[in-house]
$ cat model-v2.txt   # compact mmCIF, C-alpha atoms and all ligand atoms
# COMPACT_ATOMS: atom_id res chain seq x y z
CA MET Y 1 2.42 24.76 49.43
CA LEU Y 2 2.98 22.30 52.21
CA PHE Y 3 2.32 23.16 55.84
CA SER Y 4 2.67 20.88 58.81
CA GLY Y 5 1.06 20.78 62.17
CA VAL Y 6 -1.11 18.68 64.41
CA LEU Y 7 -4.80 18.06 64.19
CA LYS Y 8 -6.34 19.25 67.47
CA ARG Y 9 -10.07 19.02 67.17
CA ILE Y 10 -12.95 18.20 64.87
CA ASN Y 11 -16.33 19.86 65.13
CA LYS Y 12 -18.73 18.58 62.50
CA ARG Y 13 -16.97 19.53 59.28
CA TRP Y 14 -14.60 21.97 60.87
CA ALA Y 15 -11.07 20.93 61.65
CA LEU Y 16 -8.74 22.78 63.95
CA ILE Y 17 -5.10 22.44 63.02
CA HIS Y 18 -2.29 23.76 65.16
CA LEU Y 19 0.49 24.71 62.76
CA ASP Y 20 4.12 23.98 63.51
CA LYS Y 21 6.26 26.77 64.94
CA ASP Y 22 8.16 27.33 61.71
CA ALA Y 23 5.05 27.54 59.52
CA ASP Y 24 5.06 30.62 57.31
CA ILE Y 25 1.98 32.28 58.71
CA ASP Y 26 2.39 35.43 56.60
CA LYS Y 27 2.44 33.42 53.45
CA LEU Y 28 -0.59 31.51 54.56
CA SER Y 29 -2.46 34.71 55.37
CA MET Y 30 -1.63 36.04 51.94
CA LEU Y 31 -3.04 32.90 50.35
CA LEU Y 32 -6.16 33.19 52.42
CA ASP Y 33 -6.75 36.94 51.99
CA GLY Y 34 -10.52 36.85 51.71
CA LYS Y 35 -10.51 33.78 49.52
CA THR Y 36 -11.13 30.14 50.35
CA PRO Y 37 -8.15 28.29 48.91
CA SER Y 38 -8.61 24.54 48.85
CA VAL Y 39 -6.40 22.34 50.99
CA ASP Y 40 -5.58 18.69 51.19
CA PHE Y 41 -4.33 17.28 54.36
CA ASN Y 42 -2.63 14.08 55.12
CA VAL Y 43 -3.23 12.70 58.56
CA ASP Y 44 -0.87 10.18 60.03
CA ASP Y 45 -3.32 7.39 60.74
CA GLU Y 46 -0.78 5.33 62.66
CA ARG Y 47 -0.94 2.39 60.31
CA THR Y 48 2.46 0.80 60.21
CA ILE Y 49 4.89 0.54 57.33
CA SER Y 50 3.98 -1.92 54.59
CA PRO Y 51 6.30 -4.73 53.46
CA ASP Y 52 6.44 -3.08 50.05
CA GLN Y 53 7.68 0.18 51.52
CA ARG Y 54 10.24 -1.67 53.61
CA LYS Y 55 11.45 -3.51 50.55
CA LYS Y 56 11.88 -0.29 48.58
CA ILE Y 57 13.70 1.38 51.44
CA HIS Y 58 16.15 -1.46 51.86
CA ALA Y 59 16.79 -1.85 48.16
CA MET Y 60 17.54 1.86 47.82
CA ILE Y 61 19.74 1.92 50.90
CA GLY Y 62 21.60 -1.00 49.35
CA GLU Y 63 22.22 0.95 46.18
CA ILE Y 64 23.30 4.07 48.01
CA ASP Y 65 25.60 1.97 50.17
CA VAL Y 66 27.36 0.52 47.14
CA HIS Y 67 27.54 3.92 45.48
CA MET Y 68 29.15 5.43 48.58
CA GLY Y 69 31.60 2.57 48.70
CA ASN Y 70 30.65 1.77 52.29
CA TYR Y 71 29.64 -1.83 51.69
CA LEU Y 72 28.11 -1.69 55.15
CA PRO Y 73 24.37 -1.28 54.58
CA GLU Y 74 23.65 -1.14 58.31
CA MET Y 75 26.00 1.78 58.76
CA THR Y 76 24.68 3.51 55.64
CA LYS Y 77 21.17 3.07 57.00
CA VAL Y 78 22.12 4.78 60.25
CA GLN Y 79 23.77 7.66 58.36
CA LEU Y 80 20.79 8.14 56.08
CA LYS Y 81 18.38 8.06 59.00
CA GLU Y 82 20.43 10.74 60.75
CA GLN Y 83 20.46 12.91 57.68
CA PHE Y 84 16.73 12.41 57.23
CA CYS Y 85 16.11 13.51 60.82
CA VAL Y 86 18.23 16.63 60.42
CA GLU Y 87 16.64 17.61 57.10
CA ASN Y 88 13.14 17.06 58.44
CA GLU Y 89 13.75 18.26 61.98
CA TYR Y 90 12.42 14.97 63.15
CA TYR Y 91 13.99 14.02 66.44
CA HIS Y 92 12.45 10.71 67.38
CA GLU Y 93 13.82 7.22 67.25
CA PHE Y 94 12.17 5.12 64.59
CA SER Y 95 12.60 1.71 63.06
CA PHE Y 96 11.61 0.35 59.67
CA SER Y 97 10.04 -2.57 61.46
CA ASP Y 98 7.19 -0.52 62.92
CA CYS Y 99 7.26 3.13 61.85
CA SER Y 100 4.13 4.67 60.34
CA ILE Y 101 3.13 4.48 56.69
CA SER Y 102 3.46 8.22 56.30
CA LEU Y 103 6.92 8.31 57.85
CA ALA Y 104 7.99 5.47 55.56
CA ASN Y 105 6.70 7.44 52.56
CA LYS Y 106 8.57 10.50 53.70
CA PHE Y 107 11.71 8.42 53.99
CA ILE Y 108 11.24 6.96 50.50
CA GLU Y 109 10.89 10.47 49.10
CA PHE Y 110 14.01 11.45 50.97
CA LEU Y 111 15.88 8.51 49.41
CA ILE Y 112 14.68 9.42 45.92
CA ASP Y 113 15.87 13.00 46.41
CA TYR Y 114 19.13 11.72 47.77
CA CYS Y 115 19.71 9.49 44.74
CA LEU Y 116 18.95 12.30 42.31
CA ARG Y 117 21.13 14.77 44.13
CA GLU Y 118 24.12 12.47 44.61
CA ASN Y 119 23.86 10.83 41.19
CA VAL Y 120 23.34 7.41 42.62
CA PRO Y 121 22.60 5.08 39.70
CA PHE Y 122 18.87 5.08 39.98
CA LEU Y 123 17.88 1.54 39.38
CA THR Y 124 15.44 0.16 41.87
CA MET Y 125 12.65 2.68 41.79
CA PRO Y 126 12.04 2.96 38.06
CA LEU Y 127 12.69 -0.72 37.51
CA ASP Y 128 10.33 -1.61 40.28
CA MET Y 129 7.57 0.41 38.67
CA ILE Y 130 8.35 -0.83 35.20
CA GLN Y 131 8.41 -4.40 36.42
CA GLU Y 132 4.89 -4.13 37.70
CA GLN Y 133 3.51 -2.22 34.76
CA TYR Y 134 5.28 -3.48 31.69
CA ASN Y 135 6.30 -7.05 32.20
CA TRP Y 136 9.92 -6.05 32.50
CA ASP Y 137 11.43 -9.53 32.83
CA MET Y 138 9.81 -10.71 29.63
CA LYS Y 139 10.79 -7.63 27.67
CA CYS Y 140 14.36 -7.97 28.87
CA LEU Y 141 14.47 -11.51 27.65
CA GLU Y 142 12.95 -10.51 24.33
CA TYR Y 143 15.23 -7.57 23.73
CA ARG Y 144 18.25 -9.13 25.40
CA LYS Y 145 18.61 -6.50 28.07
CA CYS Y 146 19.93 -7.10 31.55
CA ILE Y 147 17.00 -6.96 34.00
CA ILE Y 148 19.15 -5.02 36.45
CA CYS Y 149 20.98 -2.42 34.39
CA GLY Y 150 19.49 -2.61 30.91
CA LYS Y 151 22.87 -3.30 29.29
CA HIS Y 152 23.20 -6.00 26.67
CA ALA Y 153 22.38 -9.40 28.10
CA ASP Y 154 23.74 -12.50 26.52
CA ILE Y 155 23.17 -14.82 29.42
CA ALA Y 156 19.87 -16.40 30.25
CA HIS Y 157 20.22 -17.67 33.74
CA VAL Y 158 17.95 -20.55 34.59
CA TYR Y 159 17.10 -21.42 38.16
CA ALA Y 160 15.60 -24.73 39.06
CA VAL Y 161 12.83 -24.54 41.62
CA GLY Y 162 12.39 -26.89 44.55
CA ILE Y 163 14.50 -29.66 45.97
CA GLY Y 164 14.86 -33.03 44.32
CA ARG Y 165 12.97 -31.97 41.26
CA ASN Y 166 13.92 -33.62 38.07
CA ARG Y 167 15.34 -30.78 36.04
CA ASN Y 168 14.43 -30.84 32.41
CA LYS Y 169 17.71 -29.72 31.03
CA ILE Y 170 16.42 -29.30 27.51
CA SER Y 171 13.32 -27.23 28.02
CA HIS Y 172 13.70 -25.87 31.57
CA ILE Y 173 9.93 -25.50 31.59
CA GLY Y 174 8.61 -24.62 35.04
CA ASN Y 175 11.95 -23.23 36.15
CA TYR Y 176 12.82 -19.57 36.38
CA VAL Y 177 14.96 -17.51 34.08
CA MET Y 178 16.45 -14.05 34.02
CA ALA Y 179 18.41 -12.15 31.41
CA LEU Y 180 21.71 -10.86 32.76
CA CYS Y 181 24.70 -8.95 31.45
CA ARG Y 182 28.14 -10.38 32.16
CA GLU Y 183 28.71 -8.06 35.08
CA HIS Y 184 25.51 -8.92 36.86
CA HIS Y 185 25.96 -12.55 36.06
CA THR Y 186 29.26 -12.38 37.94
CA THR Y 187 27.63 -10.47 40.79
CA GLN Y 188 24.94 -13.10 41.07
CA HIS Y 189 27.49 -15.85 41.43
CA GLY Y 190 29.40 -13.78 43.96
CA ILE Y 191 26.56 -13.10 46.37
CA GLY Y 192 24.23 -16.01 45.69
CA ILE Y 193 20.81 -16.04 44.13
CA LYS Y 194 18.77 -15.27 47.26
CA THR Y 195 20.75 -12.17 48.19
CA PHE Y 196 20.86 -11.15 44.56
CA MET Y 197 17.10 -11.32 44.15
CA LYS Y 198 16.50 -9.43 47.33
CA LYS Y 199 19.10 -6.79 46.62
CA TYR Y 200 17.86 -6.01 43.13
CA GLN Y 201 14.22 -6.91 43.70
CA VAL Y 202 14.12 -9.25 40.77
CA LYS Y 203 11.76 -12.15 40.61
CA GLY Y 204 12.71 -14.03 37.48
CA LEU Y 205 10.31 -15.35 34.93
CA LYS Y 206 8.67 -18.75 34.93
CA ILE Y 207 9.66 -20.58 31.78
CA THR Y 208 6.77 -21.38 29.47
CA PRO Y 209 7.09 -23.38 26.21
CA GLU Y 210 7.21 -20.03 24.34
CA ILE Y 211 10.06 -18.79 26.46
CA ALA Y 212 11.90 -22.08 26.08
CA GLU Y 213 11.60 -21.61 22.34
CA MET Y 214 12.79 -18.03 22.55
CA LEU Y 215 15.89 -19.10 24.44
CA LYS Y 216 16.81 -21.49 21.66
CA ILE Y 217 16.18 -19.17 18.76
CA GLY Y 218 17.60 -16.19 20.63
CA ASN Y 219 20.98 -17.86 20.68
CA TYR Y 220 21.34 -17.22 24.37
CA GLN Y 221 24.14 -18.58 26.40
CA VAL Y 222 21.97 -20.56 28.78
CA ASN Y 223 23.48 -20.94 32.21
CA THR Y 224 22.11 -22.95 35.06
CA GLY Y 225 22.48 -21.32 38.43
CA ASP Y 226 21.86 -22.15 42.03
CA PRO Y 227 18.46 -23.72 42.59
CA LEU Y 228 15.76 -21.61 44.15
CA VAL Y 229 15.01 -23.74 47.12
CA VAL Y 230 11.50 -22.50 47.66
CA THR Y 231 8.00 -23.68 47.08
CA ASP Y 232 5.62 -21.48 45.14
CA ARG Y 233 3.99 -20.42 48.37
CA SER Y 234 7.11 -19.47 50.22
CA TYR Y 235 8.36 -17.84 47.04
CA THR Y 236 5.38 -15.51 47.12
CA ALA Y 237 5.70 -15.01 50.86
CA PHE Y 238 9.37 -14.19 50.39
CA TRP Y 239 8.39 -11.22 48.26
CA LYS Y 240 5.33 -10.10 50.07
CA GLY Y 241 6.26 -10.26 53.69
CA GLU Y 242 9.88 -9.80 54.46
CA LYS Y 243 10.48 -9.97 58.15
CA SER Y 244 13.82 -8.23 58.20
CA ASP Y 245 14.21 -4.67 59.31
ZN ZN Y 301 23.51 -5.84 34.12
ZN ZN Y 302 25.92 -18.63 35.85

$ encode --input "model-v2.txt" --output "structure tokens"
Amino acid sequence: MLFSGVLKRINKRWALIHLDKDADIDKLSMLLDGKTPSVDFNVDDERTISPDQRKKIHAMIGEIDVHMGNYLPEMTKVQLKEQFCVENEYYHEFSFSDCSISLANKFIEFLIDYCLRENVPFLTMPLDMIQEQYNWDMKCLEYRKCIICGKHADIAHVYAVGIGRNRNKISHIGNYVMALCREHHTTQHGIGIKTFMKKYQVKGLKITPEIAEMLKIGNYQVNTGDPLVVTDRSYTAFWKGEKSD
């Protein structure tokens, strides 16, 4: 059971917590009833939101926005924030540029609930986790699945990196590739590679000799897209420290 309140005082290993007005004291007393039930408590340590949290929040808002048919992410963000405040009885202004880590986590949970409840195609969160854990981009290329939606991918989209680099049109080694279905291929061309990568949180895969071979034997329709005009360093920075709110 979750109870909220504020931490008032610490005396050695004793902590005094002032519970919120709406806390179910009766229930709590019942749980206590001569026993010593264990508790965990999460204290807002005032660290600010991490870039990773911000990225997740924006990607999910983006998906919800499209699902709602708003196509105005800023407006959708305002609506979701309002709903979050009402549901959580949280009546303070906050911004994703400097809110606390715990508030950001609460908001992410709220977004997950929202997606499940409203049947928003639930792409970013699971994909994000899979990407980190299971080498998603590579598997997609291997099994010819779209990295965004998992539908059949027949297009391997190759992005040249850097300006003025001599593209090796045969091997593409050193460039980036991603497996896309027709629909997402079209989307990518519509919104541009930078927006696309940010929106769907995809990174692409650096082409190794093995991957170059796979593209040939996999009978992929290899397309060359807009160049990624970034150095390796700014490419990493792009993913790790987004400045935008
Ligand atoms: Zn797709
Ligand atoms: Zn293309």

$ residues_around --input "model-v2.txt" --residues "stretch 36-43 of chain Y" --least-positions-apart "4" --cutoff "8 Å" --atoms "all atoms listed in the file" --output "list in words"
Leu7, Leu31 and Leu32 of chain Y

$ residues_near_ligand --input "model-v2.txt" --ligand "ligand ZN 301 (chain Y)" --cutoff "10 Å" --atoms "all atoms listed in the file" --output "PyMOL selection string"
chain Y and resi 145-153+179-187

$ residues_around --input "model-v2.txt" --residues "Y:Gln79" --least-positions-apart "6" --cutoff "12 Å" --atoms "all atoms listed in the file" --output "ChimeraX atom specification"
/Y:61,64-65,68,70,72-73,85-86,111

$ residues_near_ligand --input "model-v2.txt" --ligand "ligand ZN 302 (chain Y)" --cutoff "9 Å" --atoms "all atoms listed in the file" --output "list in words"
Ile155, Ala156, His157, Val158, His185, Thr186, Gln188, His189, Val222, Asn223, Thr224, Gly225 and Asp226 of chain Y

$ closest_residue --input "model-v2.txt" --among "Y:His92, Y:Ile193, Y:Ile57, Y:Tyr143" --to "Y:Thr76" --atoms "only C-alpha atoms"
Y:Ile57

$ atom_distance --input "model-v2.txt" --atom1 "atom CA of Y:Met138" --atom2 "atom CA of Y:Gly192"
22.2 Å

$ closest_residue --input "model-v2.txt" --among "Y:Ser100, Y:Tyr114, Y:Val202, Y:Glu109" --to "Y:Gln83" --atoms "only C-alpha atoms"
Y:Tyr114

$ closest_residue --input "model-v2.txt" --among "Y:Lys56, Y:Tyr91, Y:Ile17, Y:Glu118" --to "Y:Lys199" --atoms "all atoms listed in the file"
Y:Lys56

$ closest_residue --input "model-v2.txt" --among "Y:Met214, Y:Ile207, Y:Leu80, Y:Ile173" --to "Y:Arg144" --atoms "all atoms listed in the file"
Y:Met214

$ atom_distance --input "model-v2.txt" --atom1 "atom CA of Y:Arg13" --atom2 "atom CA of Y:Ile25"
22.8 Å

$ atom_distance --input "model-v2.txt" --atom1 "atom CA of Y:Ser50" --atom2 "atom CA of Y:Phe94"
14.7 Å

$ residues_near_point --input "model-v2.txt" --point "(12.1, -0.5, 61.1)" --cutoff "12 Å" --atoms "only C-alpha atoms" --output "list in words"
Thr48, Ile49, Ser50, Pro51, Gln53, Arg54, Lys55, Ile57, His58, Glu74, Lys77, Val78, Lys81, Glu93, Phe94, Ser95, Phe96, Ser97, Asp98, Cys99, Ser100, Ile101, Leu103, Ala104, Phe107, Glu242, Lys243, Ser244 and Asp245 of chain Y

$ closest_residue --input "model-v2.txt" --among "Y:Asn88, Y:Val120, Y:Val177, Y:Lys12" --to "Y:Lys106" --atoms "only C-alpha atoms"
Y:Asn88

$ closest_residue --input "model-v2.txt" --among "Y:Phe196, Y:Asp154, Y:Ile112, Y:Val161" --to "Y:Gln221" --atoms "all atoms listed in the file"
Y:Asp154

$ build_atoms --input "model-v2.txt" --residues "stretch 25-48 of chain Y" --atoms "N, CA and C atoms" --output "PDB file, in the frame of the given file"
ATOM      1  N   ILE Y  25       3.338  31.781  58.485  1.00  0.00           N
ATOM      2  CA  ILE Y  25       1.980  32.280  58.710  1.00  0.00           C
ATOM      3  C   ILE Y  25       1.630  33.436  57.755  1.00  0.00           C
ATOM      4  N   ASP Y  26       2.633  34.292  57.495  1.00  0.00           N
ATOM      5  CA  ASP Y  26       2.390  35.430  56.600  1.00  0.00           C
ATOM      6  C   ASP Y  26       1.977  34.945  55.217  1.00  0.00           C
ATOM      7  N   LYS Y  27       2.715  33.990  54.766  1.00  0.00           N
ATOM      8  CA  LYS Y  27       2.440  33.420  53.450  1.00  0.00           C
ATOM      9  C   LYS Y  27       1.019  32.844  53.413  1.00  0.00           C
ATOM     10  N   LEU Y  28       0.711  32.146  54.464  1.00  0.00           N
ATOM     11  CA  LEU Y  28      -0.590  31.510  54.560  1.00  0.00           C
ATOM     12  C   LEU Y  28      -1.706  32.562  54.577  1.00  0.00           C
ATOM     13  N   SER Y  29      -1.471  33.640  55.310  1.00  0.00           N
ATOM     14  CA  SER Y  29      -2.460  34.710  55.370  1.00  0.00           C
ATOM     15  C   SER Y  29      -2.657  35.331  53.997  1.00  0.00           C
ATOM     16  N   MET Y  30      -1.550  35.478  53.284  1.00  0.00           N
ATOM     17  CA  MET Y  30      -1.630  36.040  51.940  1.00  0.00           C
ATOM     18  C   MET Y  30      -2.479  35.156  51.033  1.00  0.00           C
ATOM     19  N   LEU Y  31      -2.279  33.851  51.170  1.00  0.00           N
ATOM     20  CA  LEU Y  31      -3.040  32.900  50.350  1.00  0.00           C
ATOM     21  C   LEU Y  31      -4.514  32.948  50.695  1.00  0.00           C
ATOM     22  N   LEU Y  32      -4.772  33.166  51.966  1.00  0.00           N
ATOM     23  CA  LEU Y  32      -6.160  33.190  52.420  1.00  0.00           C
ATOM     24  C   LEU Y  32      -6.842  34.482  51.940  1.00  0.00           C
ATOM     25  N   ASP Y  33      -6.324  35.606  52.412  1.00  0.00           N
ATOM     26  CA  ASP Y  33      -6.750  36.940  51.990  1.00  0.00           C
ATOM     27  C   ASP Y  33      -8.150  37.019  51.368  1.00  0.00           C
ATOM     28  N   GLY Y  34      -9.137  36.715  52.168  1.00  0.00           N
ATOM     29  CA  GLY Y  34     -10.520  36.850  51.710  1.00  0.00           C
ATOM     30  C   GLY Y  34     -11.003  35.749  50.780  1.00  0.00           C
ATOM     31  N   LYS Y  35     -10.105  34.875  50.410  1.00  0.00           N
ATOM     32  CA  LYS Y  35     -10.510  33.780  49.520  1.00  0.00           C
ATOM     33  C   LYS Y  35     -10.705  32.493  50.340  1.00  0.00           C
ATOM     34  N   THR Y  36     -11.042  31.432  49.660  1.00  0.00           N
ATOM     35  CA  THR Y  36     -11.130  30.140  50.350  1.00  0.00           C
ATOM     36  C   THR Y  36     -10.319  29.108  49.575  1.00  0.00           C
ATOM     37  N   PRO Y  37      -8.994  29.244  49.650  1.00  0.00           N
ATOM     38  CA  PRO Y  37      -8.150  28.290  48.910  1.00  0.00           C
ATOM     39  C   PRO Y  37      -8.399  26.854  49.384  1.00  0.00           C
ATOM     40  N   SER Y  38      -8.356  25.934  48.455  1.00  0.00           N
ATOM     41  CA  SER Y  38      -8.610  24.540  48.850  1.00  0.00           C
ATOM     42  C   SER Y  38      -7.346  23.932  49.469  1.00  0.00           C
ATOM     43  N   VAL Y  39      -7.534  23.030  50.358  1.00  0.00           N
ATOM     44  CA  VAL Y  39      -6.400  22.340  50.990  1.00  0.00           C
ATOM     45  C   VAL Y  39      -6.648  20.834  50.995  1.00  0.00           C
ATOM     46  N   ASP Y  40      -5.530  20.136  50.962  1.00  0.00           N
ATOM     47  CA  ASP Y  40      -5.580  18.690  51.190  1.00  0.00           C
ATOM     48  C   ASP Y  40      -4.843  18.503  52.485  1.00  0.00           C
ATOM     49  N   PHE Y  41      -5.259  17.626  53.298  1.00  0.00           N
ATOM     50  CA  PHE Y  41      -4.330  17.280  54.360  1.00  0.00           C
ATOM     51  C   PHE Y  41      -4.250  15.806  54.641  1.00  0.00           C
ATOM     52  N   ASN Y  42      -3.013  15.449  54.907  1.00  0.00           N
ATOM     53  CA  ASN Y  42      -2.630  14.080  55.120  1.00  0.00           C
ATOM     54  C   ASN Y  42      -2.531  13.833  56.604  1.00  0.00           C
ATOM     55  N   VAL Y  43      -3.324  12.953  57.130  1.00  0.00           N
ATOM     56  CA  VAL Y  43      -3.230  12.700  58.560  1.00  0.00           C
ATOM     57  C   VAL Y  43      -2.542  11.360  58.800  1.00  0.00           C
ATOM     58  N   ASP Y  44      -1.563  11.410  59.660  1.00  0.00           N
ATOM     59  CA  ASP Y  44      -0.870  10.180  60.030  1.00  0.00           C
ATOM     60  C   ASP Y  44      -1.861   9.291  60.778  1.00  0.00           C
ATOM     61  N   ASP Y  45      -2.269   8.213  60.128  1.00  0.00           N
ATOM     62  CA  ASP Y  45      -3.320   7.390  60.740  1.00  0.00           C
ATOM     63  C   ASP Y  45      -2.758   6.241  61.564  1.00  0.00           C
ATOM     64  N   GLU Y  46      -1.453   6.305  61.787  1.00  0.00           N
ATOM     65  CA  GLU Y  46      -0.780   5.330  62.660  1.00  0.00           C
ATOM     66  C   GLU Y  46      -0.784   3.896  62.148  1.00  0.00           C
ATOM     67  N   ARG Y  47      -1.142   3.723  60.864  1.00  0.00           N
ATOM     68  CA  ARG Y  47      -0.940   2.390  60.310  1.00  0.00           C
ATOM     69  C   ARG Y  47       0.557   2.205  60.167  1.00  0.00           C
ATOM     70  N   THR Y  48       1.022   0.976  60.267  1.00  0.00           N
ATOM     71  CA  THR Y  48       2.460   0.800  60.210  1.00  0.00           C
ATOM     72  C   THR Y  48       2.935   0.485  58.790  1.00  0.00           C
TER      73      THR Y  48
END
